[in-house]
file start-v4.txt (compact mmCIF, C-alpha atoms)
# COMPACT_ATOMS: atom_id res chain seq x y z
CA MET A 1 148.61 128.55 100.29
CA ALA A 2 145.20 129.86 101.26
CA ILE A 3 142.87 128.46 103.85
CA GLU A 4 139.42 129.87 104.43
CA VAL A 5 138.59 130.43 108.08
CA ARG A 6 134.97 130.95 109.11
CA ILE A 7 134.72 133.32 112.05
CA PRO A 8 131.84 133.18 114.55
CA THR A 9 129.86 136.32 115.38
CA ILE A 10 131.50 136.78 118.75
CA LEU A 11 135.00 136.93 117.24
CA ARG A 12 134.18 139.21 114.33
CA THR A 13 135.29 142.21 116.35
CA TYR A 14 138.80 140.96 115.51
CA THR A 15 138.15 140.61 111.79
CA GLY A 16 136.42 143.90 111.05
CA ASP A 17 133.05 142.10 111.02
CA GLN A 18 134.12 139.68 108.30
CA LYS A 19 132.45 136.26 108.48
CA SER A 20 135.32 134.64 106.73
CA VAL A 21 139.01 135.43 106.36
CA THR A 22 141.94 133.81 104.61
CA ALA A 23 145.01 132.61 106.45
CA GLU A 24 148.02 130.38 105.96
CA GLY A 25 149.77 127.64 107.86
CA SER A 26 150.71 124.00 107.51
CA THR A 27 149.25 123.19 110.92
CA LEU A 28 146.36 124.64 112.91
CA SER A 29 148.88 126.14 115.31
CA ALA A 30 150.67 127.96 112.46
CA LEU A 31 147.34 129.07 111.03
CA ILE A 32 146.32 130.61 114.35
CA ASP A 33 149.65 132.46 114.53
CA ASP A 34 149.00 133.80 111.04
CA LEU A 35 145.49 134.85 112.04
CA GLU A 36 146.92 136.62 115.06
CA ALA A 37 149.39 138.54 112.87
CA ASN A 38 146.48 140.05 110.94
CA HIS A 39 143.77 140.09 113.61
CA SER A 40 145.53 140.90 116.84
CA GLY A 41 143.91 139.46 119.95
CA ILE A 42 142.14 136.56 118.30
CA LYS A 43 144.72 133.95 119.36
CA ASP A 44 143.97 134.49 123.02
CA ARG A 45 140.32 133.70 122.36
CA LEU A 46 141.23 130.38 120.78
CA ILE A 47 144.15 129.19 122.87
CA ASP A 48 144.69 129.00 126.58
CA ASN A 49 147.89 127.70 128.18
CA GLY A 50 149.18 126.43 124.87
CA ASP A 51 146.13 124.36 124.02
CA LEU A 52 142.82 124.92 122.28
CA ARG A 53 140.26 126.34 124.64
CA ARG A 54 137.90 123.71 125.96
CA PHE A 55 134.79 125.57 124.81
CA VAL A 56 135.95 126.58 121.36
CA ASN A 57 135.32 124.08 118.58
CA VAL A 58 137.52 124.13 115.51
CA TYR A 59 136.75 122.02 112.47
CA VAL A 60 138.88 121.24 109.43
CA ASN A 61 136.76 120.19 106.46
CA ASP A 62 133.88 119.46 108.85
CA GLU A 63 135.93 117.29 111.20
CA ASP A 64 136.48 118.35 114.81
CA VAL A 65 140.23 119.02 115.14
CA ARG A 66 140.27 117.19 118.44
CA PHE A 67 140.15 114.05 116.31
CA LEU A 68 142.81 115.33 113.91
CA GLY A 69 145.63 116.11 116.30
CA GLY A 70 144.40 119.36 117.83
CA LEU A 71 146.79 122.25 117.27
CA GLU A 72 149.08 119.94 115.30
CA ALA A 73 146.32 119.07 112.84
CA PRO A 74 147.89 119.32 109.37
CA LEU A 75 146.42 121.79 106.88
CA LYS A 76 146.76 122.11 103.14
CA ASP A 77 145.80 124.57 100.47
CA GLY A 78 142.06 124.74 99.98
CA ASP A 79 141.10 123.39 103.40
CA GLN A 80 138.25 125.06 105.16
CA VAL A 81 138.49 125.83 108.85
CA VAL A 82 135.41 126.66 110.90
CA VAL A 83 135.56 128.14 114.40
CA LEU A 84 132.45 127.80 116.58
CA PRO A 85 132.17 128.54 120.27
CA ALA A 86 130.55 125.68 122.17
CA VAL A 87 126.94 126.17 123.08
CA ALA A 88 127.17 125.03 126.65
CA GLY A 89 126.53 125.97 130.23
CA GLY A 90 125.53 124.68 133.60
CA MET B 1 111.63 141.58 124.97
CA LEU B 2 111.18 138.07 123.61
CA ARG B 3 108.12 137.34 121.49
CA LEU B 4 107.32 133.67 121.39
CA ASP B 5 104.41 131.77 119.93
CA ARG B 6 102.62 129.42 122.26
CA ALA B 7 103.39 126.27 120.26
CA THR B 8 107.14 126.92 120.53
CA TYR B 9 106.80 127.74 124.22
CA ASP B 10 104.91 124.50 124.83
CA ALA B 11 107.46 122.48 122.86
CA ILE B 12 110.38 123.90 124.88
CA VAL B 13 108.57 123.11 128.14
CA ALA B 14 107.74 119.59 126.94
CA HIS B 15 111.39 119.01 125.98
CA ALA B 16 112.59 120.18 129.39
CA LYS B 17 110.10 117.93 131.18
CA ARG B 18 110.95 114.96 129.00
CA ASP B 19 114.70 115.22 129.64
CA HIS B 20 114.40 115.91 133.36
CA PRO B 21 116.44 115.21 135.52
CA ASP B 22 119.07 115.93 132.84
CA GLU B 23 119.27 119.37 131.34
CA ALA B 24 117.56 119.85 127.99
CA CYS B 25 118.90 122.29 125.38
CA GLY B 26 118.15 123.66 121.95
CA ILE B 27 117.61 126.73 119.87
CA VAL B 28 114.91 128.56 118.00
CA ALA B 29 116.26 129.85 114.71
CA GLY B 30 114.87 132.73 112.71
CA PRO B 31 115.75 134.83 109.68
CA ALA B 32 118.96 136.79 110.31
CA GLY B 33 118.24 140.20 111.75
CA SER B 34 114.51 139.54 112.16
CA ASP B 35 114.41 138.63 115.88
CA ARG B 36 111.65 136.16 114.92
CA ALA B 37 111.86 132.87 116.80
CA GLU B 38 110.45 130.65 114.07
CA ARG B 39 112.09 127.26 113.91
CA LEU B 40 112.62 125.14 117.00
CA VAL B 41 115.58 122.79 116.92
CA GLU B 42 115.87 120.42 119.87
CA MET B 43 119.48 119.48 120.47
CA VAL B 44 120.98 116.50 122.28
CA ASN B 45 122.70 117.37 125.52
CA ALA B 46 126.03 115.68 124.83
CA ALA B 47 126.93 116.09 128.50
CA GLY B 48 123.83 114.06 129.51
CA SER B 49 123.99 115.71 132.90
CA PRO B 50 121.67 117.25 135.49
CA THR B 51 124.12 120.12 136.00
CA PHE B 52 125.64 120.78 132.58
CA TYR B 53 124.67 120.98 128.94
CA GLU B 54 126.66 121.10 125.76
CA PHE B 55 125.65 120.69 122.13
CA ASP B 56 127.53 117.81 120.53
CA SER B 57 130.31 119.33 118.41
CA THR B 58 129.25 117.56 115.19
CA ASP B 59 125.60 118.52 115.71
CA LEU B 60 126.70 122.08 116.41
CA LEU B 61 128.55 122.36 113.10
CA ARG B 62 125.62 120.85 111.21
CA LEU B 63 123.21 123.27 112.91
CA TYR B 64 125.29 126.34 112.09
CA ARG B 65 125.78 125.23 108.49
CA GLU B 66 122.05 124.71 108.15
CA MET B 67 121.33 128.16 109.60
CA ASP B 68 123.94 129.64 107.30
CA ASP B 69 122.34 128.01 104.27
CA ASN B 70 118.91 129.31 105.33
CA ASP B 71 120.25 132.77 106.20
CA GLU B 72 119.12 132.20 109.77
CA GLU B 73 120.61 132.87 113.17
CA PRO B 74 119.95 131.54 116.67
CA VAL B 75 117.21 133.83 117.96
CA VAL B 76 116.68 131.82 121.14
CA ILE B 77 119.14 129.52 122.92
CA TYR B 78 117.37 127.57 125.62
CA HIS B 79 118.27 125.09 128.30
CA SER B 80 116.79 123.80 131.50
CA HIS B 81 117.85 123.78 135.10
CA THR B 82 116.52 120.75 136.88
CA ALA B 83 117.28 121.55 140.52
CA THR B 84 117.78 125.29 140.62
CA GLU B 85 115.98 128.44 139.55
CA ALA B 86 115.62 129.58 135.95
CA TYR B 87 118.47 132.06 136.20
CA PRO B 88 121.79 131.87 134.31
CA SER B 89 124.51 130.19 136.36
CA ARG B 90 128.02 131.55 136.42
CA THR B 91 128.96 128.91 133.84
CA ASP B 92 126.06 129.98 131.62
CA THR B 93 127.21 133.57 131.76
CA GLY B 94 130.86 132.71 131.19
CA LEU B 95 130.14 130.56 128.14
CA ALA B 96 127.40 132.65 126.53
CA SER B 97 128.73 133.49 123.08
CA GLU B 98 125.73 134.76 121.14
CA PRO B 99 125.23 138.36 122.26
CA GLY B 100 122.33 138.73 119.82
CA ALA B 101 120.36 135.78 121.20
CA HIS B 102 117.67 135.52 123.83
CA TYR B 103 118.84 133.05 126.44
CA VAL B 104 115.81 131.16 127.74
CA LEU B 105 116.01 129.24 131.00
CA VAL B 106 113.39 126.75 132.07
CA SER B 107 113.38 125.26 135.54
CA THR B 108 111.79 121.87 136.05
CA ARG B 109 112.78 121.68 139.72
CA GLU B 110 109.20 121.77 140.95
CA HIS B 111 107.37 119.15 138.91
CA GLY B 112 110.14 117.26 137.11
CA ASN B 113 108.72 115.03 134.37
CA ASN B 114 105.15 115.64 135.50
CA ASP B 115 102.52 118.13 134.49
CA GLY B 116 102.51 121.41 136.29
CA PRO B 117 103.93 124.87 135.84
CA VAL B 118 107.60 125.60 135.18
CA GLU B 119 109.65 128.73 135.57
CA PHE B 120 110.29 130.11 132.09
CA ARG B 121 112.45 133.22 131.85
CA SER B 122 114.48 135.02 129.20
CA TYR B 123 117.74 136.97 129.37
CA ARG B 124 120.28 138.81 127.33
CA ILE B 125 123.84 137.87 128.17
CA VAL B 126 126.38 140.30 126.75
CA ASP B 127 130.02 140.48 127.88
CA GLY B 128 129.16 138.56 131.02
CA GLU B 129 126.31 140.92 131.92
CA VAL B 130 122.91 139.33 132.45
CA SER B 131 119.71 141.30 131.97
CA GLU B 132 116.30 139.72 132.25
CA GLU B 133 113.64 140.64 129.72
CA GLU B 134 109.89 140.23 129.39
CA ILE B 135 108.37 137.42 127.38
CA GLU B 136 105.32 138.08 125.28
CA LEU B 137 103.41 134.91 124.40
CA VAL B 138 101.33 135.14 121.26
CA ASP B 139 99.15 132.69 119.34
CA GLN B 140 101.08 133.42 116.17
CA LEU B 141 104.27 135.38 115.58
call {"tool": "encode", "arguments": {"input": "start-v4.txt", "output": "structure tokens"}}
result
Amino acid sequence: MAIEVRIPTILRTYTGDQKSVTAEGSTLSALIDDLEANHSGIKDRLIDNGDLRRFVNVYVNDEDVRFLGGLEAPLKDGDQVVVLPAVAGG
Amino acid sequence: MLRLDRATYDAIVAHAKRDHPDEACGIVAGPAGSDRAERLVEMVNAAGSPTFYEFDSTDLLRLYREMDDNDEEPVVIYHSHTATEAYPSRTDTGLASEPGAHYVLVSTREHGNNDGPVEFRSYRIVDGEVSEEEIELVDQL
């Protein structure tokens, strides 16, 4: 099972500057744990208090995961996950 | 230093004035690694607020895919402040996630939707540290 994960510039310090990495998991939550196992520290940038950070957007096959069940969003082989920090401010 | 052509400058100011009293936001994309602010993309402020801005999440994905396809990056990320100075707020600093970008702030507090000068300033925001930079306006990049 291989899922491509696109990594934004600001998180590439965790992936050795790679724009895209491969990870596994049947849910987004499991995928993030797998990412963390290979890219230590990245989980904390995605999750806060057990939920996705408010200003991090995660998409599965171009759909915002907030509409797919959040961390419980199901994943399957060949899915593409994109992580993008929100462009936001006050 | 940020180099900006006058047409792009004018378009950012016009956008900020048009959306006042809500905050306006957008980017200027350019070829990756070039630091050339070439292609203005006005974004919708999904927050529709005078004190907050956020790119709509679907628009954001489309924008980044488009830049990826064109081998571009966000050279400038701009937004307006409508009641305060053109300086990054604590929220702006905390959420800034493009260390390579020039963060442009426009303040429309003085003239709102009307003609008249605005504050127009540019910053780097890296690891929560803000440093202001000069802006050079040119007729053509």
call {"tool": "atom_distance", "arguments": {"input": "start-v4.txt", "atom1": "atom CA of Arg6 of chain B", "atom2": "atom CA of Thr82 of chain B"}}
result
22.0 Å
call {"tool": "interface_residues", "arguments": {"input": "start-v4.txt", "of": "chain B", "to": "chain A", "cutoff": "8 Å", "atoms": "only C-alpha atoms", "output": "list in words"}}
result
Thr51, Phe52, Tyr53, Glu54, Phe55, Ser57, Thr58, Leu60, Leu61, His81, Ser89, Arg90, Thr91, Asp92, Thr93, Leu95, Ala96, Ser97, Glu98 and Pro99 of chain B
call {"tool": "atom_distance", "arguments": {"input": "start-v4.txt", "atom1": "atom CA of Val76 of chain B", "atom2": "atom CA of Ile42 of chain A"}}
result
26.1 Å
call {"tool": "atom_distance", "arguments": {"input": "start-v4.txt", "atom1": "atom CA of Ser26 of chain A", "atom2": "atom CA of Asp59 of chain B"}}
result
27.0 Å
call {"tool": "residues_around", "arguments": {"input": "start-v4.txt", "residues": "segment 48-50 of chain A", "least_positions_apart": "3", "cutoff": "12 Å", "atoms": "only C-alpha atoms", "output": "list in words"}}
result
Ser29, Ile32, Asp33, Ile42, Lys43, Asp44, Arg45, Arg53, Arg54, Phe55, Val56, Gly70, Leu71 and Glu72 of chain A
call {"tool": "write_last_selection", "arguments": {"input": "start-v4.txt", "atoms": "C-alpha atoms", "output": "compact mmCIF listing (two decimals), in the coordinates of the input"}}
result
# COMPACT_ATOMS: atom_id res chain seq x y z
CA SER A 29 148.88 126.14 115.31
CA ILE A 32 146.32 130.61 114.35
CA ASP A 33 149.65 132.46 114.53
CA ILE A 42 142.14 136.56 118.30
CA LYS A 43 144.72 133.95 119.36
CA ASP A 44 143.97 134.49 123.02
CA ARG A 45 140.32 133.70 122.36
CA ARG A 53 140.26 126.34 124.64
CA ARG A 54 137.90 123.71 125.96
CA PHE A 55 134.79 125.57 124.81
CA VAL A 56 135.95 126.58 121.36
CA GLY A 70 144.40 119.36 117.83
CA LEU A 71 146.79 122.25 117.27
CA GLU A 72 149.08 119.94 115.30
call {"tool": "closest_atom_pairs", "arguments": {"input": "start-v4.txt", "of": "segment 63-118 of chain B", "to": "segment 21-42 of chain B", "cutoff": "12 Å", "atoms": "all atoms listed in the file", "output": "CSV"}}
result
residue,atom,partner,partner_atom,distance
B:Leu63,CA,B:Val41,CA,8.6
B:Tyr64,CA,B:Ala29,CA,10.0
B:Glu66,CA,B:Ala29,CA,10.1
B:Met67,CA,B:Ala29,CA,7.4
B:Asp68,CA,B:Ala32,CA,9.2
B:Asp69,CA,B:Pro31,CA,10.9
B:Asn70,CA,B:Pro31,CA,7.7
B:Asp71,CA,B:Ala32,CA,5.9
B:Glu72,CA,B:Pro31,CA,4.3
B:Glu73,CA,B:Ala32,CA,5.1
B:Pro74,CA,B:Ala29,CA,4.5
B:Val75,CA,B:Ala29,CA,5.2
B:Val76,CA,B:Val28,CA,4.9
B:Ile77,CA,B:Ile27,CA,4.4
B:Tyr78,CA,B:Gly26,CA,5.4
B:His79,CA,B:Cys25,CA,4.1
B:Ser80,CA,B:Glu23,CA,5.1
B:His81,CA,B:Glu23,CA,6.0
B:Thr82,CA,B:Pro21,CA,5.7
B:Ala83,CA,B:Pro21,CA,8.1
B:Thr84,CA,B:Glu23,CA,11.1
B:Ala86,CA,B:Glu23,CA,11.8
B:Glu98,CA,B:Ile27,CA,11.5
B:Gly100,CA,B:Asp35,CA,8.8
B:Ala101,CA,B:Asp35,CA,8.5
B:His102,CA,B:Asp35,CA,9.1
B:Tyr103,CA,B:Ile27,CA,9.2
B:Val104,CA,B:Ile27,CA,9.2
B:Leu105,CA,B:Cys25,CA,9.4
B:Val106,CA,B:Ala24,CA,9.0
B:Ser107,CA,B:Glu23,CA,9.3
B:Thr108,CA,B:Pro21,CA,8.1
B:Arg109,CA,B:Pro21,CA,8.5
B:Glu110,CA,B:Pro21,CA,11.2
B:His111,CA,B:Pro21,CA,10.5
B:Gly112,CA,B:Pro21,CA,6.8
B:Asn113,CA,B:Pro21,CA,7.8
B:Asn114,CA,B:Pro21,CA,11.3
call {"tool": "residues_near_point", "arguments": {"input": "start-v4.txt", "point": "(150.1, 127.4, 110.4)", "cutoff": "12 Å", "atoms": "only C-alpha atoms", "output": "VMD selection string"}}
result
chain A and resid 1 to 3 22 to 37 71 to 77 81
call {"tool": "residues_near_point", "arguments": {"input": "start-v4.txt", "point": "(124.7, 113.1, 122.8)", "cutoff": "9 Å", "atoms": "only C-alpha atoms", "output": "list in words"}}
result
Met43, Val44, Asn45, Ala46, Ala47, Gly48, Glu54, Phe55, Asp56 and Asp59 of chain B
call {"tool": "build_atoms", "arguments": {"input": "start-v4.txt", "residues": "segment 62-86 of chain B", "atoms": "N, CA and C atoms", "output": "PDB file, in the coordinates of the input"}}
result
ATOM      1  N   ARG B  62     126.710 121.097 112.157  1.00  0.00           N
ATOM      2  CA  ARG B  62     125.620 120.850 111.210  1.00  0.00           C
ATOM      3  C   ARG B  62     124.543 121.939 111.371  1.00  0.00           C
ATOM      4  N   LEU B  63     124.224 122.249 112.624  1.00  0.00           N
ATOM      5  CA  LEU B  63     123.210 123.270 112.910  1.00  0.00           C
ATOM      6  C   LEU B  63     123.610 124.629 112.343  1.00  0.00           C
ATOM      7  N   TYR B  64     124.862 125.028 112.560  1.00  0.00           N
ATOM      8  CA  TYR B  64     125.290 126.340 112.090  1.00  0.00           C
ATOM      9  C   TYR B  64     125.388 126.395 110.565  1.00  0.00           C
ATOM     10  N   ARG B  65     125.752 125.277 109.959  1.00  0.00           N
ATOM     11  CA  ARG B  65     125.780 125.230 108.490  1.00  0.00           C
ATOM     12  C   ARG B  65     124.367 125.370 107.928  1.00  0.00           C
ATOM     13  N   GLU B  66     123.454 124.666 108.577  1.00  0.00           N
ATOM     14  CA  GLU B  66     122.050 124.710 108.150  1.00  0.00           C
ATOM     15  C   GLU B  66     121.503 126.135 108.273  1.00  0.00           C
ATOM     16  N   MET B  67     121.799 126.786 109.405  1.00  0.00           N
ATOM     17  CA  MET B  67     121.330 128.160 109.600  1.00  0.00           C
ATOM     18  C   MET B  67     121.961 129.088 108.568  1.00  0.00           C
ATOM     19  N   ASP B  68     123.240 128.841 108.293  1.00  0.00           N
ATOM     20  CA  ASP B  68     123.940 129.640 107.300  1.00  0.00           C
ATOM     21  C   ASP B  68     123.277 129.517 105.924  1.00  0.00           C
ATOM     22  N   ASP B  69     122.979 128.273 105.566  1.00  0.00           N
ATOM     23  CA  ASP B  69     122.340 128.010 104.270  1.00  0.00           C
ATOM     24  C   ASP B  69     120.968 128.677 104.174  1.00  0.00           C
ATOM     25  N   ASN B  70     120.256 128.722 105.315  1.00  0.00           N
ATOM     26  CA  ASN B  70     118.910 129.310 105.330  1.00  0.00           C
ATOM     27  C   ASN B  70     118.924 130.807 105.605  1.00  0.00           C
ATOM     28  N   ASP B  71     120.116 131.383 105.771  1.00  0.00           N
ATOM     29  CA  ASP B  71     120.250 132.770 106.200  1.00  0.00           C
ATOM     30  C   ASP B  71     119.499 133.011 107.511  1.00  0.00           C
ATOM     31  N   GLU B  72     119.744 132.100 108.451  1.00  0.00           N
ATOM     32  CA  GLU B  72     119.120 132.200 109.770  1.00  0.00           C
ATOM     33  C   GLU B  72     120.193 132.458 110.825  1.00  0.00           C
ATOM     34  N   GLU B  73     119.708 132.787 112.017  1.00  0.00           N
ATOM     35  CA  GLU B  73     120.610 132.870 113.170  1.00  0.00           C
ATOM     36  C   GLU B  73     119.886 132.318 114.389  1.00  0.00           C
ATOM     37  N   PRO B  74     120.625 132.023 115.457  1.00  0.00           N
ATOM     38  CA  PRO B  74     119.950 131.540 116.670  1.00  0.00           C
ATOM     39  C   PRO B  74     119.272 132.709 117.368  1.00  0.00           C
ATOM     40  N   VAL B  75     117.943 132.740 117.318  1.00  0.00           N
ATOM     41  CA  VAL B  75     117.210 133.830 117.960  1.00  0.00           C
ATOM     42  C   VAL B  75     117.067 133.529 119.455  1.00  0.00           C
ATOM     43  N   VAL B  76     116.788 132.261 119.750  1.00  0.00           N
ATOM     44  CA  VAL B  76     116.680 131.820 121.140  1.00  0.00           C
ATOM     45  C   VAL B  76     117.650 130.660 121.358  1.00  0.00           C
ATOM     46  N   ILE B  77     118.374 130.689 122.468  1.00  0.00           N
ATOM     47  CA  ILE B  77     119.140 129.520 122.920  1.00  0.00           C
ATOM     48  C   ILE B  77     118.555 129.137 124.268  1.00  0.00           C
ATOM     49  N   TYR B  78     118.020 127.933 124.362  1.00  0.00           N
ATOM     50  CA  TYR B  78     117.370 127.570 125.620  1.00  0.00           C
ATOM     51  C   TYR B  78     118.041 126.366 126.271  1.00  0.00           C
ATOM     52  N   HIS B  79     117.936 126.319 127.581  1.00  0.00           N
ATOM     53  CA  HIS B  79     118.270 125.090 128.300  1.00  0.00           C
ATOM     54  C   HIS B  79     117.529 125.074 129.618  1.00  0.00           C
ATOM     55  N   SER B  80     117.531 123.909 130.252  1.00  0.00           N
ATOM     56  CA  SER B  80     116.790 123.800 131.500  1.00  0.00           C
ATOM     57  C   SER B  80     117.735 123.662 132.681  1.00  0.00           C
ATOM     58  N   HIS B  81     117.236 124.092 133.815  1.00  0.00           N
ATOM     59  CA  HIS B  81     117.850 123.780 135.100  1.00  0.00           C
ATOM     60  C   HIS B  81     116.894 122.828 135.794  1.00  0.00           C
ATOM     61  N   THR B  82     117.439 121.776 136.370  1.00  0.00           N
ATOM     62  CA  THR B  82     116.520 120.750 136.880  1.00  0.00           C
ATOM     63  C   THR B  82     116.450 120.739 138.406  1.00  0.00           C
ATOM     64  N   ALA B  83     117.331 121.502 139.051  1.00  0.00           N
ATOM     65  CA  ALA B  83     117.280 121.550 140.520  1.00  0.00           C
ATOM     66  C   ALA B  83     117.390 122.961 141.059  1.00  0.00           C
ATOM     67  N   THR B  84     117.595 123.907 140.174  1.00  0.00           N
ATOM     68  CA  THR B  84     117.780 125.290 140.620  1.00  0.00           C
ATOM     69  C   THR B  84     116.875 126.224 139.826  1.00  0.00           C
ATOM     70  N   GLU B  85     116.883 127.494 140.196  1.00  0.00           N
ATOM     71  CA  GLU B  85     115.980 128.440 139.550  1.00  0.00           C
ATOM     72  C   GLU B  85     116.359 128.700 138.093  1.00  0.00           C
ATOM     73  N   ALA B  86     115.422 129.296 137.374  1.00  0.00           N
ATOM     74  CA  ALA B  86     115.620 129.580 135.950  1.00  0.00           C
ATOM     75  C   ALA B  86     116.381 130.891 135.798  1.00  0.00           C
TER      76      ALA B  86
END
